[in-house]
Structures are given as structure tokens and as C-alpha cells.
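What follows is a single structure, written as C-alpha cells, with notes after it.
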Amino acid sequence: MEAAAVGGPKRSGASRPRQPDRAPNLLHGGKKSDICPRCHFRRDKEDKGKGKLLHGIPEVTDSEQLRGVLVTIDRNLRQDQDLVADDKAVFMMGVLEAKVSGHEYFLVASSGGEKTDPWIREKHLNGISYHQGAWETVNPTLPTGHSNWWTVRRETVDLDPNIARVTKPCAAIKLLLGLGDKRLEWKSVEYLRMSEMVYVGPEADSAGMRQWHGKGATNSWTAHSCNRCEARIPYLICDVPANRIVD
């Protein structure tokens, strides 16, 4: 039960301001209770008889450690004289960590926009203390339409034809496709986490990017995925084997 407001009784019919979400994690691509658009199971559905979920990745959260990695990358970017010279630079950067079949992977990507080369290079990874030396950049080529995408398990999937600007090269999508490109032996998934952050140059038109800032009290400076990513991510994180899906 909610307590009355300090300084007087609770006003009838008035709602108290909701306390900020103190949880450190943002979700990317929806909740585990959502229906998966690829396999059509709830993402928290149990795999009967196996004591585990059918989806190895029911939710994609971020973490404090990943946010720290982004801070280091951002600091390196702002010390890069070539990048600093571009006062109008604005892009999303993202980092991903995953443990699949007992092996760990640490990926970095940046959104594309009109730039063909990735904003983040190997030199921008210097000084990362979390899993030092284990990080790698990925920059996969996205499909040209709604068909022939692939999951983190590297199985082909077609996306909803109603997703607008489906080929937008966002950081989150590059991270997931980059993991899928590794064609991993997919026996089990212990975790997959991802964090994003907006880089904004001093003269950049950032209104469109700043709207994706997180809302949680502990991480309001990080970003949550854009609408197009939110629509695509559920397809890409589905690791239910194709032979388990019934159309």
C-alpha cells in the first residue's frame, strides 16, 4: 500500500508521482513475457522435461559493467582529433557480451547513417578494463530488405514486412548479426547483455537521437533501442531451433 505524501494526507483522486525505476537494467527488444514473432512461443515458455526455458535469450538487458565500457569508448572517441573535427557527428554505439556453450564473446558496434565506415575503430577500445583485450568491433552488412536476415544462432529469418526502414544500420542490430556471423556451436546460452549510448557532437542535430535516452534512475544517460530495433531484435534473438517451430 502506498504511504500518504509527506506534509499532509493523500489527496483523494490524485496520483502520487511514480518512484523512478531503480533497476539497473534496460530491456532491448521487449519483455520475456512477449510472444516471439519468429517461433510464436512466449519467450519465457518452459521446455517441457528439460527444466529450462525454450528460449535461451528470453530478454536482453544491459548492465553496469557494459555501461562502463561505453564510458571508456566515448572518452576515446572524444580524444580522436579526426572525429572531434566532425562537429556534427551523431551516432549510436553499442556493446554486447554473451556466453554461449561455455565461451564468452565481447562485441562493439556503431550505427551507420550515411557513413559507410564504422565510427568505432580498434583504437577506440584502448583502456577498457572490463575483460581487457577481449573486445572486437563488428560491422556486418545488413540484408537489403525484409527477407534473408539471420538469428544469433545463424538461422535464416524473414522480418515483418510492415517494419519501416528495416535496413537502418543500428548498433544493436549489428551486434546481434555480428554474433550470428560467428556461426557458434549453440548448445546453451548463459547470458546475452547489451548496452547502447548516443554520441553527440557539439553542433549535431541530436533531437532524433536524444529521445532514446533511458528512463531508469540509475542509467538515464544510456540509450534504449529505437522503434525499428525494438521491432527487429525479437526475431534476431530467437534461438529456438527451426525444427521446433510449427507454422
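So you can find residues: chains in the C-alpha cells are A, B, ... in the order shown, residues in each start at 1, and ligands are numbered from 1 in order.
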Any chance you could list, as number ranges by chain, the residues in range 1-246 of chain A that come up strand (DSSP E or B) when DSSP is run on the backbone?
-> A: 27, 35, 42, 46-47, 52-53, 61, 90-100, 103-110, 136-137, 149-150, 156-157, 189-200, 213, 223
Name the residues in contact with Ile73 in chain A at a cut-off of 12 Å, using only C-alpha atoms, excluding same-chain residues fewer than 4 positions from it; report them as a ChimeraX atom specification.
-> /A:66-69,77-80,92-95,108-110,119-130,135,137,196-199
Write out as an mmCIF file with all heavy atoms, in the first residue's frame all residues of range 87-219 of chain A that DSSP puts in helix (DSSP H, G or I) for this structure's backbone.
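File written: out_3.cif
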data_model
loop_
_atom_site.group_PDB
_atom_site.id
_atom_site.type_symbol
_atom_site.label_atom_id
_atom_site.label_comp_id
_atom_site.auth_asym_id
_atom_site.auth_seq_id
_atom_site.Cartn_x
_atom_site.Cartn_y
_atom_site.Cartn_z
ATOM 1 N N GLU A 122 39.356 0.012 -33.771
ATOM 2 C CA GLU A 122 40.086 -0.718 -32.731
ATOM 3 C C GLU A 122 40.765 0.237 -31.744
ATOM 4 O O GLU A 122 40.833 -0.025 -30.548
ATOM 5 C CB GLU A 122 41.131 -1.640 -33.375
ATOM 6 C CG GLU A 122 40.542 -2.806 -34.155
ATOM 7 C CD GLU A 122 39.786 -3.789 -33.287
ATOM 8 O OE1 GLU A 122 40.156 -3.940 -32.111
ATOM 9 O OE2 GLU A 122 38.816 -4.396 -33.779
ATOM 10 N N LYS A 123 41.254 1.379 -32.245
ATOM 11 C CA LYS A 123 41.960 2.314 -31.372
ATOM 12 C C LYS A 123 41.041 2.905 -30.305
ATOM 13 O O LYS A 123 41.515 3.369 -29.263
ATOM 14 C CB LYS A 123 42.573 3.447 -32.194
ATOM 15 C CG LYS A 123 41.563 4.313 -32.943
ATOM 16 C CD LYS A 123 42.261 5.396 -33.758
ATOM 17 C CE LYS A 123 41.269 6.247 -34.543
ATOM 18 N NZ LYS A 123 41.952 7.309 -35.324
ATOM 19 N N HIS A 124 39.745 2.882 -30.532
ATOM 20 C CA HIS A 124 38.807 3.436 -29.566
ATOM 21 C C HIS A 124 38.488 2.457 -28.439
ATOM 22 O O HIS A 124 37.715 2.795 -27.531
ATOM 23 C CB HIS A 124 37.509 3.840 -30.274
ATOM 24 C CG HIS A 124 37.713 4.880 -31.326
ATOM 25 N ND1 HIS A 124 37.177 4.767 -32.602
ATOM 26 C CD2 HIS A 124 38.419 6.040 -31.319
ATOM 27 C CE1 HIS A 124 37.528 5.821 -33.316
ATOM 28 N NE2 HIS A 124 38.279 6.606 -32.561
ATOM 29 N N LEU A 125 39.062 1.255 -28.490
ATOM 30 C CA LEU A 125 38.826 0.243 -27.455
ATOM 31 C C LEU A 125 39.914 0.251 -26.393
ATOM 32 O O LEU A 125 39.851 -0.522 -25.431
ATOM 33 C CB LEU A 125 38.725 -1.149 -28.085
ATOM 34 C CG LEU A 125 37.748 -1.298 -29.265
ATOM 35 C CD1 LEU A 125 37.704 -2.754 -29.712
ATOM 36 C CD2 LEU A 125 36.365 -0.788 -28.906
ATOM 37 N N ALA A 171 23.236 0.126 -34.187
ATOM 38 C CA ALA A 171 24.286 -0.578 -33.454
ATOM 39 C C ALA A 171 23.786 -1.898 -32.877
ATOM 40 O O ALA A 171 24.465 -2.931 -32.966
ATOM 41 C CB ALA A 171 24.827 0.321 -32.339
ATOM 42 N N ALA A 172 22.600 -1.889 -32.283
ATOM 43 C CA ALA A 172 22.077 -3.105 -31.662
ATOM 44 C C ALA A 172 21.918 -4.233 -32.674
ATOM 45 O O ALA A 172 22.235 -5.398 -32.393
ATOM 46 C CB ALA A 172 20.731 -2.808 -30.988
ATOM 47 N N ILE A 173 21.438 -3.880 -33.855
ATOM 48 C CA ILE A 173 21.231 -4.892 -34.892
ATOM 49 C C ILE A 173 22.569 -5.430 -35.386
ATOM 50 O O ILE A 173 22.733 -6.639 -35.604
ATOM 51 C CB ILE A 173 20.429 -4.280 -36.060
ATOM 52 C CG1 ILE A 173 19.058 -3.796 -35.564
ATOM 53 C CG2 ILE A 173 20.277 -5.279 -37.184
ATOM 54 C CD1 ILE A 173 18.238 -4.838 -34.834
ATOM 55 N N LYS A 174 23.552 -4.559 -35.555
ATOM 56 C CA LYS A 174 24.879 -5.013 -35.974
ATOM 57 C C LYS A 174 25.490 -5.962 -34.951
ATOM 58 O O LYS A 174 26.168 -6.937 -35.317
ATOM 59 C CB LYS A 174 25.801 -3.815 -36.188
ATOM 60 C CG LYS A 174 25.482 -2.984 -37.420
ATOM 61 C CD LYS A 174 26.504 -1.874 -37.600
ATOM 62 C CE LYS A 174 26.253 -1.070 -38.852
ATOM 63 N NZ LYS A 174 27.275 -0.007 -39.048
ATOM 64 N N LEU A 175 25.272 -5.692 -33.677
ATOM 65 C CA LEU A 175 25.826 -6.560 -32.633
ATOM 66 C C LEU A 175 25.230 -7.964 -32.719
ATOM 67 O O LEU A 175 25.962 -8.961 -32.648
ATOM 68 C CB LEU A 175 25.548 -5.968 -31.254
ATOM 69 C CG LEU A 175 26.325 -4.698 -30.894
ATOM 70 C CD1 LEU A 175 25.760 -4.075 -29.625
ATOM 71 C CD2 LEU A 175 27.808 -4.997 -30.716
ATOM 72 N N LEU A 176 23.927 -8.053 -32.880
ATOM 73 C CA LEU A 176 23.270 -9.363 -32.925
ATOM 74 C C LEU A 176 23.615 -10.118 -34.205
ATOM 75 O O LEU A 176 23.881 -11.331 -34.174
ATOM 76 C CB LEU A 176 21.760 -9.188 -32.785
ATOM 77 C CG LEU A 176 21.303 -8.604 -31.443
ATOM 78 C CD1 LEU A 176 19.817 -8.287 -31.476
ATOM 79 C CD2 LEU A 176 21.617 -9.553 -30.295
ATOM 80 N N LEU A 177 23.624 -9.408 -35.338
ATOM 81 C CA LEU A 177 24.022 -10.062 -36.583
ATOM 82 C C LEU A 177 25.498 -10.460 -36.541
ATOM 83 O O LEU A 177 25.885 -11.509 -37.077
ATOM 84 C CB LEU A 177 23.767 -9.129 -37.774
ATOM 85 C CG LEU A 177 22.310 -8.796 -38.093
ATOM 86 C CD1 LEU A 177 22.241 -7.836 -39.269
ATOM 87 C CD2 LEU A 177 21.500 -10.051 -38.389
ATOM 88 N N GLY A 178 26.316 -9.629 -35.906
ATOM 89 C CA GLY A 178 27.737 -9.954 -35.771
ATOM 90 C C GLY A 178 27.964 -11.208 -34.954
ATOM 91 O O GLY A 178 28.847 -12.023 -35.273
ATOM 92 N N LEU A 179 27.155 -11.390 -33.915
ATOM 93 C CA LEU A 179 27.257 -12.621 -33.132
ATOM 94 C C LEU A 179 26.810 -13.812 -33.971
ATOM 95 O O LEU A 179 27.451 -14.874 -33.955
ATOM 96 C CB LEU A 179 26.404 -12.504 -31.866
ATOM 97 C CG LEU A 179 26.524 -13.665 -30.875
ATOM 98 C CD1 LEU A 179 27.928 -13.730 -30.281
ATOM 99 C CD2 LEU A 179 25.490 -13.528 -29.749
ATOM 100 N N GLY A 180 25.740 -13.630 -34.729
ATOM 101 C CA GLY A 180 25.269 -14.709 -35.598
ATOM 102 C C GLY A 180 26.281 -15.077 -36.663
ATOM 103 O O GLY A 180 26.408 -16.251 -37.043
ATOM 104 N N ALA A 207 18.176 15.932 -31.855
ATOM 105 C CA ALA A 207 16.830 15.759 -31.321
ATOM 106 C C ALA A 207 16.304 14.346 -31.558
ATOM 107 O O ALA A 207 15.675 13.739 -30.690
ATOM 108 C CB ALA A 207 15.891 16.787 -31.940
ATOM 109 N N GLY A 208 16.566 13.814 -32.741
ATOM 110 C CA GLY A 208 16.073 12.488 -33.061
ATOM 111 C C GLY A 208 16.753 11.385 -32.276
ATOM 112 O O GLY A 208 16.168 10.332 -32.034
ATOM 113 N N MET A 209 18.002 11.602 -31.864
ATOM 114 C CA MET A 209 18.741 10.582 -31.141
ATOM 115 C C MET A 209 18.523 10.666 -29.631
ATOM 116 O O MET A 209 18.435 9.642 -28.950
ATOM 117 C CB MET A 209 20.231 10.704 -31.449
ATOM 118 C CG MET A 209 20.589 10.428 -32.885
ATOM 119 S SD MET A 209 20.369 8.694 -33.367
ATOM 120 C CE MET A 209 21.892 7.998 -32.736
ATOM 121 N N ARG A 210 18.429 11.872 -29.115
ATOM 122 C CA ARG A 210 18.314 12.025 -27.669
ATOM 123 C C ARG A 210 17.024 11.434 -27.107
ATOM 124 O O ARG A 210 16.952 11.119 -25.922
ATOM 125 C CB ARG A 210 18.413 13.503 -27.297
ATOM 126 C CG ARG A 210 19.812 14.084 -27.472
ATOM 127 C CD ARG A 210 19.902 15.474 -26.886
ATOM 128 N NE ARG A 210 21.170 16.119 -27.173
ATOM 129 C CZ ARG A 210 22.287 15.913 -26.480
ATOM 130 N NH1 ARG A 210 22.273 15.080 -25.457
ATOM 131 N NH2 ARG A 210 23.398 16.533 -26.802
#
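CA of Asp86 in chain A lies 15.2 Å from CA of Thr116 in chain A.
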Mind checking which residues fall within 12 Å of range 226-228 of chain A, counting only C-alpha atoms, ignoring those fewer than 2 positions away in the same chain, and posting them as number ranges by chain?
-> A: 27-30, 92, 111, 159-160, 162-173, 196-198, 208-214, 223-224, 230-235
Atom pair CA of Phe106 in chain A / CA of Val60 in chain A: separation (Å) = 14.7 Å
Which residues, written as a list in words, have at least one atom at most 12 Å from Lys45 in chain A, with only C-alpha atoms counted and residues fewer than 4 positions away on the same chain left out?
-> Lys32, Ser33, Asp34, Ile35, Cys36, Cys39, His40, Phe41, Lys50, Gly51, Lys52, Leu53, Leu54, His55, Gly56, Ile57, Pro58 and Val240 of chain A
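For the set A:Asn148, A:Ser225, A:Asn76, A:Ser101, the residue with the smallest atom-to-atom gap to Trp186 in chain A is A:Ser101, counting only C-alpha atoms.
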Gap from CA of Asp44 in chain A to CA of Ser147 in chain A - Å, one decimal |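 Taking CA of Asp44 in chain A and CA of Ser147 in chain A, their separation equals 26.2 Å.
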Polymer residues at most 12 Å from Gly102 in chain A, only C-alpha atoms, same-chain spacing of 3 or more positions, as a list in words |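 Here the qualifying residues turn out to be Ala98, Lys99, Tyr105, Leu184, Glu185, Trp186, Lys187, Ser188, Val189, Glu190 and Tyr191 of chain A.
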Determine, counting only C-alpha atoms, which protein, DNA and RNA residues have an atom within 7 Å of an atom of Val90 in chain A; residues of the same chain fewer than 4 positions away are not included. Present the result as an NGL selection string.
-> :A and (199-201 or 204 or 206)
Among the residues A:Val100, A:Glu155, A:Ile237, A:Lys182, the one that comes closest to Pro140 in chain A [using only C-alpha atoms] = A:Lys182
With distances taken over only C-alpha atoms, which of A:Ser195, A:Asn139, A:Pro37, A:Leu26 is nearest to Ile245 in chain A?
->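 Once distances to Ile245 in chain A are computed over only C-alpha atoms, the minimum belongs to A:Pro37.
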Which of these residues is nearest to Glu64 in chain A, using only C-alpha atoms: A:Met194, A:Gln132, A:Arg43, A:Cys238?
->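 Checking each of A:Met194, A:Gln132, A:Arg43, A:Cys238 against Glu64 in chain A, counting only C-alpha atoms, the winner is A:Met194.
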